[in-house]
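Undergrad: start_7.txt is reproduced below (compact mmCIF, N, CA and C atoms).
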# COMPACT_ATOMS: atom_id res chain seq x y z
N MET A 236 45.46 112.68 138.75
CA MET A 236 46.30 111.56 138.40
C MET A 236 47.75 111.98 138.60
N ASN A 237 48.55 111.09 139.11
CA ASN A 237 49.98 111.36 139.27
C ASN A 237 50.64 111.51 137.92
N ASP A 238 51.75 112.25 137.91
CA ASP A 238 52.52 112.41 136.68
C ASP A 238 53.24 111.10 136.40
N ASN A 239 52.94 110.47 135.29
CA ASN A 239 53.55 109.21 134.90
C ASN A 239 53.85 109.27 133.41
N ILE A 240 54.36 108.21 132.86
CA ILE A 240 54.71 108.22 131.43
C ILE A 240 53.49 108.51 130.56
N ILE A 241 52.33 108.11 130.99
CA ILE A 241 51.11 108.34 130.21
C ILE A 241 50.87 109.84 130.06
N THR A 242 50.86 110.55 131.17
CA THR A 242 50.60 112.00 131.10
C THR A 242 51.82 112.77 130.60
N GLN A 243 53.02 112.30 130.91
CA GLN A 243 54.23 112.98 130.44
C GLN A 243 54.28 113.02 128.91
N LEU A 244 53.85 111.96 128.26
CA LEU A 244 53.87 111.89 126.80
C LEU A 244 52.57 112.36 126.16
N GLY A 245 51.61 112.81 126.99
CA GLY A 245 50.38 113.39 126.46
C GLY A 245 49.29 112.39 126.11
N TYR A 246 49.40 111.18 126.61
CA TYR A 246 48.36 110.17 126.39
C TYR A 246 47.31 110.28 127.48
N SER A 247 46.19 109.63 127.28
CA SER A 247 45.18 109.52 128.33
C SER A 247 44.54 108.14 128.25
N ILE A 248 43.86 107.79 129.32
CA ILE A 248 43.12 106.52 129.37
C ILE A 248 41.65 106.89 129.37
N GLU A 249 40.90 106.28 128.47
CA GLU A 249 39.47 106.55 128.45
C GLU A 249 38.71 105.24 128.52
N LYS A 250 37.54 105.33 129.09
CA LYS A 250 36.69 104.15 129.23
C LYS A 250 35.78 104.06 128.01
N SER A 251 35.74 102.90 127.40
CA SER A 251 34.89 102.70 126.23
C SER A 251 33.44 102.52 126.67
N ILE A 252 32.55 102.59 125.72
CA ILE A 252 31.13 102.37 126.00
C ILE A 252 30.91 100.98 126.58
N SER A 253 31.74 100.03 126.15
CA SER A 253 31.63 98.64 126.62
C SER A 253 32.17 98.44 128.02
N GLY A 254 32.88 99.44 128.57
CA GLY A 254 33.34 99.36 129.94
C GLY A 254 34.81 99.00 130.13
N TYR A 255 35.55 98.78 129.08
CA TYR A 255 36.98 98.51 129.23
C TYR A 255 37.75 99.80 128.92
N TYR A 256 39.01 99.82 129.26
CA TYR A 256 39.83 101.03 129.10
C TYR A 256 40.73 100.91 127.87
N ARG A 257 40.99 102.06 127.25
CA ARG A 257 41.87 102.10 126.08
C ARG A 257 42.78 103.32 126.17
N LEU A 258 43.89 103.25 125.45
CA LEU A 258 44.89 104.30 125.46
C LEU A 258 44.65 105.23 124.27
N VAL A 259 44.66 106.55 124.53
CA VAL A 259 44.30 107.54 123.51
C VAL A 259 45.33 108.67 123.52
N LYS A 260 45.61 109.20 122.32
CA LYS A 260 46.41 110.43 122.18
C LYS A 260 45.90 111.18 120.97
N ASN A 261 45.70 112.48 121.11
CA ASN A 261 45.20 113.35 120.03
C ASN A 261 43.90 112.79 119.44
N ASN A 262 43.03 112.29 120.28
CA ASN A 262 41.74 111.72 119.87
C ASN A 262 41.89 110.49 118.97
N LYS A 263 43.06 109.88 118.95
CA LYS A 263 43.30 108.64 118.21
C LYS A 263 43.48 107.52 119.21
N VAL A 264 42.78 106.41 119.00
CA VAL A 264 42.93 105.26 119.88
C VAL A 264 44.24 104.56 119.50
N VAL A 265 45.13 104.48 120.46
CA VAL A 265 46.45 103.89 120.25
C VAL A 265 46.44 102.41 120.61
N TYR A 266 45.75 102.06 121.68
CA TYR A 266 45.67 100.66 122.10
C TYR A 266 44.24 100.37 122.51
N ASP A 267 43.65 99.37 121.89
CA ASP A 267 42.24 99.05 122.09
C ASP A 267 42.09 97.54 121.96
N ASP A 268 41.84 96.86 123.07
CA ASP A 268 41.70 95.41 123.04
C ASP A 268 40.66 94.99 124.07
N SER A 269 39.43 94.86 123.62
CA SER A 269 38.34 94.53 124.54
C SER A 269 38.47 93.13 125.12
N ALA A 270 39.26 92.26 124.50
CA ALA A 270 39.43 90.90 124.99
C ALA A 270 40.50 90.79 126.07
N CYS A 271 41.25 91.85 126.30
CA CYS A 271 42.34 91.83 127.28
C CYS A 271 41.75 92.07 128.68
N ASP A 272 41.81 91.06 129.54
CA ASP A 272 41.26 91.18 130.89
C ASP A 272 41.92 92.29 131.71
N ASP A 273 43.18 92.62 131.40
CA ASP A 273 43.88 93.66 132.14
C ASP A 273 43.27 95.04 131.94
N LEU A 274 42.39 95.20 130.96
CA LEU A 274 41.84 96.52 130.65
C LEU A 274 40.44 96.73 131.20
N ASN A 275 39.97 95.84 132.04
CA ASN A 275 38.62 95.96 132.60
C ASN A 275 38.58 96.76 133.90
N ASP A 276 39.72 96.96 134.52
CA ASP A 276 39.83 97.68 135.79
C ASP A 276 40.80 98.86 135.59
N TYR A 277 40.45 100.04 136.09
CA TYR A 277 41.27 101.23 135.84
C TYR A 277 42.71 101.08 136.34
N ASP A 278 42.89 100.64 137.56
CA ASP A 278 44.24 100.55 138.12
C ASP A 278 45.09 99.54 137.36
N THR A 279 44.50 98.43 136.97
CA THR A 279 45.23 97.42 136.20
C THR A 279 45.53 97.96 134.81
N ALA A 280 44.57 98.66 134.20
CA ALA A 280 44.79 99.25 132.87
C ALA A 280 45.90 100.30 132.93
N LEU A 281 45.92 101.11 133.99
CA LEU A 281 46.96 102.11 134.17
C LEU A 281 48.34 101.45 134.19
N ALA A 282 48.49 100.41 134.97
CA ALA A 282 49.78 99.70 135.04
C ALA A 282 50.12 99.06 133.69
N PHE A 283 49.12 98.50 133.03
CA PHE A 283 49.33 97.87 131.72
C PHE A 283 49.82 98.90 130.70
N PHE A 284 49.16 100.06 130.63
CA PHE A 284 49.54 101.09 129.66
C PHE A 284 50.88 101.74 130.00
N GLU A 285 51.20 101.89 131.27
CA GLU A 285 52.53 102.39 131.64
C GLU A 285 53.60 101.44 131.13
N SER A 286 53.39 100.16 131.32
CA SER A 286 54.35 99.16 130.84
C SER A 286 54.44 99.17 129.32
N TYR A 287 53.29 99.26 128.66
CA TYR A 287 53.24 99.31 127.20
C TYR A 287 54.04 100.51 126.67
N LEU A 288 53.80 101.69 127.24
CA LEU A 288 54.49 102.90 126.76
C LEU A 288 55.99 102.86 127.09
N ASN A 289 56.35 102.30 128.24
CA ASN A 289 57.77 102.17 128.56
C ASN A 289 58.48 101.31 127.53
N GLU A 290 57.78 100.34 126.97
CA GLU A 290 58.39 99.46 125.97
C GLU A 290 58.32 100.03 124.56
N TYR A 291 57.20 100.65 124.18
CA TYR A 291 56.96 101.00 122.78
C TYR A 291 57.01 102.49 122.43
N ALA A 292 56.94 103.37 123.40
CA ALA A 292 56.87 104.81 123.08
C ALA A 292 58.22 105.48 123.33
N LYS A 293 58.49 106.47 122.49
CA LYS A 293 59.68 107.29 122.69
C LYS A 293 59.38 108.70 122.24
N ALA A 294 60.03 109.64 122.88
CA ALA A 294 59.87 111.05 122.53
C ALA A 294 61.24 111.60 122.14
N TYR A 295 61.25 112.42 121.09
CA TYR A 295 62.51 112.97 120.60
C TYR A 295 62.25 114.18 119.73
N GLU A 296 63.30 114.92 119.43
CA GLU A 296 63.24 116.06 118.52
C GLU A 296 63.73 115.59 117.16
N TYR A 297 63.01 116.00 116.11
CA TYR A 297 63.40 115.63 114.74
C TYR A 297 63.08 116.81 113.82
N LYS A 298 64.08 117.34 113.18
CA LYS A 298 63.93 118.47 112.27
C LYS A 298 63.15 119.62 112.91
N GLY A 299 63.46 119.89 114.17
CA GLY A 299 62.83 121.00 114.88
C GLY A 299 61.44 120.73 115.41
N HIS A 300 60.98 119.50 115.36
CA HIS A 300 59.65 119.13 115.85
C HIS A 300 59.77 118.13 116.99
N HIS A 301 58.91 118.30 117.99
CA HIS A 301 58.83 117.32 119.08
C HIS A 301 57.94 116.17 118.59
N VAL A 302 58.49 114.97 118.60
CA VAL A 302 57.78 113.79 118.10
C VAL A 302 57.62 112.79 119.25
N VAL A 303 56.41 112.27 119.41
CA VAL A 303 56.18 111.14 120.28
C VAL A 303 55.76 110.00 119.35
N GLU A 304 56.52 108.93 119.40
CA GLU A 304 56.29 107.79 118.51
C GLU A 304 55.90 106.58 119.34
N ASP A 305 54.85 105.90 118.94
CA ASP A 305 54.49 104.64 119.57
C ASP A 305 54.40 103.57 118.50
N GLU A 306 53.84 102.45 118.83
CA GLU A 306 53.80 101.32 117.90
C GLU A 306 53.00 101.63 116.63
N LYS A 307 51.97 102.49 116.72
CA LYS A 307 51.09 102.76 115.59
C LYS A 307 51.26 104.13 114.94
N PHE A 308 51.63 105.14 115.73
CA PHE A 308 51.55 106.52 115.26
C PHE A 308 52.83 107.31 115.49
N TYR A 309 53.00 108.35 114.66
CA TYR A 309 53.88 109.47 114.95
C TYR A 309 52.94 110.56 115.44
N HIS A 310 53.18 111.11 116.62
CA HIS A 310 52.39 112.21 117.15
C HIS A 310 53.27 113.45 117.11
N ILE A 311 52.85 114.43 116.33
CA ILE A 311 53.61 115.67 116.18
C ILE A 311 52.66 116.81 116.53
N GLY A 312 52.90 117.44 117.67
CA GLY A 312 51.97 118.46 118.14
C GLY A 312 50.62 117.83 118.41
N GLU A 313 49.58 118.43 117.85
CA GLU A 313 48.22 117.93 118.05
C GLU A 313 47.80 116.94 116.96
N ASP A 314 48.71 116.62 116.05
CA ASP A 314 48.37 115.73 114.94
C ASP A 314 49.01 114.37 115.13
N SER A 315 48.33 113.34 114.64
CA SER A 315 48.83 111.97 114.69
C SER A 315 48.80 111.39 113.29
N TYR A 316 49.86 110.68 112.96
CA TYR A 316 50.01 110.09 111.62
C TYR A 316 50.26 108.60 111.76
N CYS A 317 49.43 107.81 111.10
CA CYS A 317 49.54 106.36 111.15
C CYS A 317 50.84 105.92 110.46
N LYS A 318 51.66 105.17 111.16
CA LYS A 318 52.96 104.77 110.63
C LYS A 318 52.84 103.86 109.40
N SER A 319 51.73 103.19 109.25
CA SER A 319 51.57 102.34 108.06
C SER A 319 51.24 103.14 106.81
N GLU A 320 50.89 104.42 107.00
CA GLU A 320 50.52 105.28 105.87
C GLU A 320 51.50 106.42 105.63
N TRP A 321 52.32 106.77 106.62
CA TRP A 321 53.21 107.93 106.53
C TRP A 321 54.61 107.56 106.98
N THR A 322 55.61 108.16 106.36
CA THR A 322 56.95 108.14 106.93
C THR A 322 57.04 109.37 107.83
N LEU A 323 58.02 109.40 108.69
CA LEU A 323 58.17 110.55 109.57
C LEU A 323 58.42 111.83 108.76
N ASP A 324 59.24 111.74 107.74
CA ASP A 324 59.51 112.91 106.91
C ASP A 324 58.24 113.41 106.22
N GLU A 325 57.40 112.51 105.72
CA GLU A 325 56.14 112.91 105.09
C GLU A 325 55.22 113.58 106.11
N ALA A 326 55.17 113.05 107.31
CA ALA A 326 54.30 113.62 108.35
C ALA A 326 54.75 115.04 108.71
N ILE A 327 56.04 115.26 108.76
CA ILE A 327 56.55 116.58 109.11
C ILE A 327 56.31 117.58 107.99
N ASP A 328 56.44 117.13 106.75
CA ASP A 328 56.22 118.03 105.61
C ASP A 328 54.75 118.32 105.50
Would you kindly transcribe this structure into structure tokens?
TA:
Amino acid sequence: MNDNIITQLGYSIEKSISGYYRLVKNNKVVYDDSACDDLNDYDTALAFFESYLNEYAKAYEYKGHHVVEDEKFYHIGEDSYCKSEWTLDEAID
């Protein structure tokens, strides 16, 4: 796979048992929508997830940690913290 925002930020695309594609990081499903027609074909899903990450994901350093943040999670190293349950400071501590 070419180097793109998906691989640069450490995400991957995996095919579900049902046959549609979803976005994953640190074994956590970040985007999963079986009703979205754009996710039934790999190339279309790739373009969809690149667009999604360009809009919703950002990478930065915070208190000495590399953080990748998307709509649902703070990803710090190999760990992911649900934003609805953790603040960034709590996740780092």
Undergrad: In Å, with one decimal, what is the gap from atom CA of A:Ala326 to atom N of A:Val302?
TA: 11.2 Å
Undergrad: Between atom C of A:Ala294 and atom N of A:Arg257, what is the distance in Å, rounded to a tenth?
TA: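 Going from atom C of A:Ala294 over to atom N of A:Arg257 covers 23.0 Å.
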Undergrad: Between atom CA of A:Leu274 and atom C of A:Gly312, what distance in Å does the model show, to one decimal?
TA: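 Those two atoms sit 26.1 Å apart.
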Undergrad: For A:Tyr255, which of A:Asp314, A:Glu285, A:Asp268, A:Glu325 is the closest residue, counting all atoms listed in the file?
TA: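 The answer is A:Asp268, which sits nearest to A:Tyr255.
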Undergrad: May I have all residues of chain A that DSSP, computed from the backbone, assigns to strand (DSSP E or B), given as a PyMOL selection string?
TA: chain A and resi 247-250+256-260+263-266+293-297+300-304+308-311+314-317
Undergrad: What lies within 12 Å of A:Asp324 using only C-alpha atoms, ignoring chain neighbours under 2 positions off, as a list in words?
TA: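 After dropping sequence-adjacent residues, the list is Tyr297, Lys298, Gly299, His300, Val302, Tyr309, Ile311, Tyr316, Lys318, Glu320, Trp321, Thr322, Ala326, Ile327 and Asp328 of chain A.
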Undergrad: Within 8 Å of (53.3, 105.6, 138.4), only C-alpha atoms: residues as a list in words?
TA: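 The answer, in the requested form, is Asn237, Asp238, Asn239, Ile240, Ala282 and Glu285 of chain A.
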Undergrad: How would the residues just chosen look if you wrote them out with N, CA and C atoms as a tab-separated table (two decimals), in the frame of the given file?
TA:
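Result file is selection_7.tsv:
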chain	number	residue	atom	x	y	z
A	237	ASN	N	48.55	111.09	139.11
A	237	ASN	CA	49.98	111.36	139.27
A	237	ASN	C	50.64	111.51	137.92
A	238	ASP	N	51.75	112.25	137.91
A	238	ASP	CA	52.52	112.41	136.68
A	238	ASP	C	53.24	111.10	136.40
A	239	ASN	N	52.94	110.47	135.29
A	239	ASN	CA	53.55	109.21	134.90
A	239	ASN	C	53.85	109.27	133.41
A	240	ILE	N	54.36	108.21	132.86
A	240	ILE	CA	54.71	108.22	131.43
A	240	ILE	C	53.49	108.51	130.56
A	282	ALA	N	48.49	100.41	134.97
A	282	ALA	CA	49.78	99.70	135.04
A	282	ALA	C	50.12	99.06	133.69
A	285	GLU	N	51.20	101.89	131.27
A	285	GLU	CA	52.53	102.39	131.64
A	285	GLU	C	53.60	101.44	131.13
Undergrad: Please identify all polymer residues within 12 Å of A:Ser251, counting only C-alpha atoms, omitting same-chain residues fewer than 5 positions from it, and present them as a CSV table (one decimal) with N, CA and C atoms, in the coordinates of the input.
TA:
chain,number,residue,atom,x,y,z
A,256,TYR,N,39.0,99.8,129.3
A,256,TYR,CA,39.8,101.0,129.1
A,256,TYR,C,40.7,100.9,127.9
A,257,ARG,N,41.0,102.1,127.2
A,257,ARG,CA,41.9,102.1,126.1
A,257,ARG,C,42.8,103.3,126.2
A,258,LEU,N,43.9,103.2,125.4
A,258,LEU,CA,44.9,104.3,125.5
A,258,LEU,C,44.6,105.2,124.3
A,259,VAL,N,44.7,106.6,124.5
A,259,VAL,CA,44.3,107.5,123.5
A,259,VAL,C,45.3,108.7,123.5
A,264,VAL,N,42.8,106.4,119.0
A,264,VAL,CA,42.9,105.3,119.9
A,264,VAL,C,44.2,104.6,119.5
A,266,TYR,N,45.8,102.1,121.7
A,266,TYR,CA,45.7,100.7,122.1
A,266,TYR,C,44.2,100.4,122.5
A,267,ASP,N,43.6,99.4,121.9
A,267,ASP,CA,42.2,99.0,122.1
A,267,ASP,C,42.1,97.5,122.0
A,268,ASP,N,41.8,96.9,123.1
A,268,ASP,CA,41.7,95.4,123.0
A,268,ASP,C,40.7,95.0,124.1
A,269,SER,N,39.4,94.9,123.6
A,269,SER,CA,38.3,94.5,124.5
A,269,SER,C,38.5,93.1,125.1
A,274,LEU,N,42.4,95.2,131.0
A,274,LEU,CA,41.8,96.5,130.6
A,274,LEU,C,40.4,96.7,131.2
A,275,ASN,N,40.0,95.8,132.0
A,275,ASN,CA,38.6,96.0,132.6
A,275,ASN,C,38.6,96.8,133.9
A,276,ASP,N,39.7,97.0,134.5
A,276,ASP,CA,39.8,97.7,135.8
A,276,ASP,C,40.8,98.9,135.6
A,277,TYR,N,40.4,100.0,136.1
A,277,TYR,CA,41.3,101.2,135.8
A,277,TYR,C,42.7,101.1,136.3
Undergrad: Can you list, as a list in words, every protein, DNA or RNA residue that comes within 10 Å of stretch 286-290 of chain A when you count only C-alpha atoms, leaving out same-chain residues fewer than 3 positions away?
TA: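 The residues that qualify are Ile240, Ile241, Leu244, Tyr246, Leu258, Tyr266, Ala280, Leu281, Ala282, Phe283, Lys293, Glu304, Asp305 and Glu306 of chain A.
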Undergrad: Once 5 Å is added on each side, what centre and edge lengths in Å to one decimal does the axis-aligned box around all listed atoms of stretch 260-275 of chain A have, as lines of an AutoDock Vina configuration file?
TA:
center_x = 42.4
center_y = 102.1
center_z = 126.1
size_x = 18.1
size_y = 32.6
size_z = 25.7
